[in-house]
Amino acid sequence: MIDVESFKRDFHFDPISPSPRYVQLYSFIKHQIKAGVFKVNDQLIAENELCEILNISRTTVRLAMDQLINEGLIVRYRGKGSFIAEEKIRRKINYLYNFTNNMQEVGAKPSSIVLESIVITADDFIAQKLALPTVNRQVFKLMRIRCANDNPLLLETTYIPYYLCEGIEHNDFHKASLYRVLTNEYSLNLFHAEETIEAILIEKEQAEYLDCKKKMPGYKIERISHLDNGYIFEYTKSVTRADKCVFKLDLYKNNTNNIKQMEFSRLLNA
């Protein structure tokens with residue numbers, strides 16, 4: 001548990017600050033988390049105790065705690081209290097997502113463990129997803145564990161029509177970005193993608209890759225991506241643990257701005 005005496009010593013409300021008290025409290029706790037003073041799984045001081053220590057209302061404390069929860073900085077367990085949450089990565093998914101770029105944007109080190117990088121003949125399911133011609137069913141298959149700071153986030157399997165990217169299997173996708181290779185080496189103009197998200201129970205083999213128990217809740221994410229000429233260039237299926245992701249969707253009345261921002265947060269640490 002976070003030390004009460006240290007908290008009382010380090011935090012004081014600024015009487016001349018224009019920020020409301022709950023914002024000052026929220027900002028202090030957030031700073032302590034980001035600075036590593038409050039560590040993952042540390043239990044916060046109970047809300048009623050904070051009220052007594054700081055001589056503030058329960059509403060003020062609750063507003064600060066709710067803001068911290070909304071940002072994924074703490075988690076609240078009924079009957080147990082609030083705890084510092086594992087660090088999360090946020091990424092907008094209302095644009096063509098690039099894992100490598102996103103990890104770099106949030107200050108995380110992206111890496112991949114390549115399980116397969118081969119050329120195969122697509123079965124009927126993959127051929128249908130990629131709208132392949134019957135005379136040419138060769139596809140490039142890339143299966144990877146996607147990691148941030150060496151922590152597994154996704155088990156990801158991608159299929160691309162091989163006629164679009166002949167020779168791509170010779171790239172080292174432990175480090176290389178697939179989308180950068182497709183753009184820079186094959187001049188493919190990646191334009192549009194559709195994703196579907198389904199709740200699942202993670203199977204034994206997937207659980208081993210994601211460092212979790214089998215049959216725990218997870219999400220399957222399927223993506224079909226298109227070039228600017230409308231052709232399908234990618235089918236990707238990914239699996240992630242449900243306790244490692246949060247979906248956020250902002251909706252607006254104006255249909256043209258119906259989806260302004262969508263964020264997908266994945267926990268970094270197991």
# chains A, B, ... in the order shown; residues from 1 in each chain; ligands from 1

$ residues_around --residues "Glu208 in chain A" --least-positions-apart "2" --cutoff "12 Å" --atoms "only C-alpha atoms" --output "MDAnalysis selection string"
chainID A and resid 145 152 154:155 202:206 210:216 239:241

$ select_by_dssp --residues "range 140-241 of chain A" --states "strand (DSSP E)" --output "PyMOL selection string"
chain A and resi 140-148+151-161+190-201+217-227+232-241

$ closest_residue --among "A:Ala131, A:Ile45, A:Leu115, A:Ile29" --to "Ile232 in chain A" --atoms "only C-alpha atoms"
A:Ala131

$ residues_around --residues "Tyr162 in chain A" --least-positions-apart "4" --cutoff "9 Å" --atoms "only C-alpha atoms" --output "list in words"
Val119, Ile120, Asn136, Arg137, Gln138, Val139, Phe140, Glu166, Gly167 and Ile168 of chain A

$ closest_residue --among "A:Thr60, A:Asp10, A:Met1, A:Pro161" --to "Val23 in chain A" --atoms "only C-alpha atoms"
A:Thr60

$ atom_distance --atom1 "CA of Tyr219 in chain A" --atom2 "CA of Ala199 in chain A"
4.7 Å

$ residues_around --residues "Ser112 in chain A" --least-positions-apart "5" --cutoff "7 Å" --atoms "only C-alpha atoms" --output "count of residues only"
6

$ closest_residue --among "A:Ile200, A:Ile160, A:Ala127, A:Val114" --to "Phe173 in chain A" --atoms "only C-alpha atoms"
A:Val114

$ residues_around --residues "Glu116 in chain A" --least-positions-apart "4" --cutoff "8 Å" --atoms "only C-alpha atoms" --output "JSON, numbers by chain"
{"A": [141, 142, 143, 144]}

$ residues_around --residues "range 75-77 of chain A" --least-positions-apart "6" --cutoff "10 Å" --atoms "only C-alpha atoms" --output "PyMOL selection string"
chain A and resi 41+43-44+65-66+68-69+83-86

$ closest_residue --among "A:Lys39, A:Val4, A:Ile74, A:Lys244" --to "Leu54 in chain A" --atoms "only C-alpha atoms"
A:Val4

$ closest_residue --among "A:Ala46, A:Ile221, A:Leu63, A:Ile197" --to "Gly81 in chain A" --atoms "only C-alpha atoms"
A:Ala46

$ closest_residue --among "A:Asp124, A:Ser82, A:Arg21, A:Lys30" --to "Glu47 in chain A" --atoms "only C-alpha atoms"
A:Ser82

$ residues_around --residues "Asp150 in chain A" --least-positions-apart "4" --cutoff "8 Å" --atoms "only C-alpha atoms" --output "MDAnalysis selection string"
chainID A and resid 109:111

$ write_last_selection --atoms "C-alpha atoms" --output "PDB file, in the first residue's frame"
ATOM      1  CA  LYS A 109      10.163  -0.589 -28.193  1.00  0.00           C
ATOM      2  CA  PRO A 110       8.386  -2.686 -30.841  1.00  0.00           C
ATOM      3  CA  SER A 111       9.599  -6.154 -31.702  1.00  0.00           C
TER       4      SER A 111
END

$ atom_distance --atom1 "CA of Tyr186 in chain A" --atom2 "CA of Gln128 in chain A"
23.2 Å
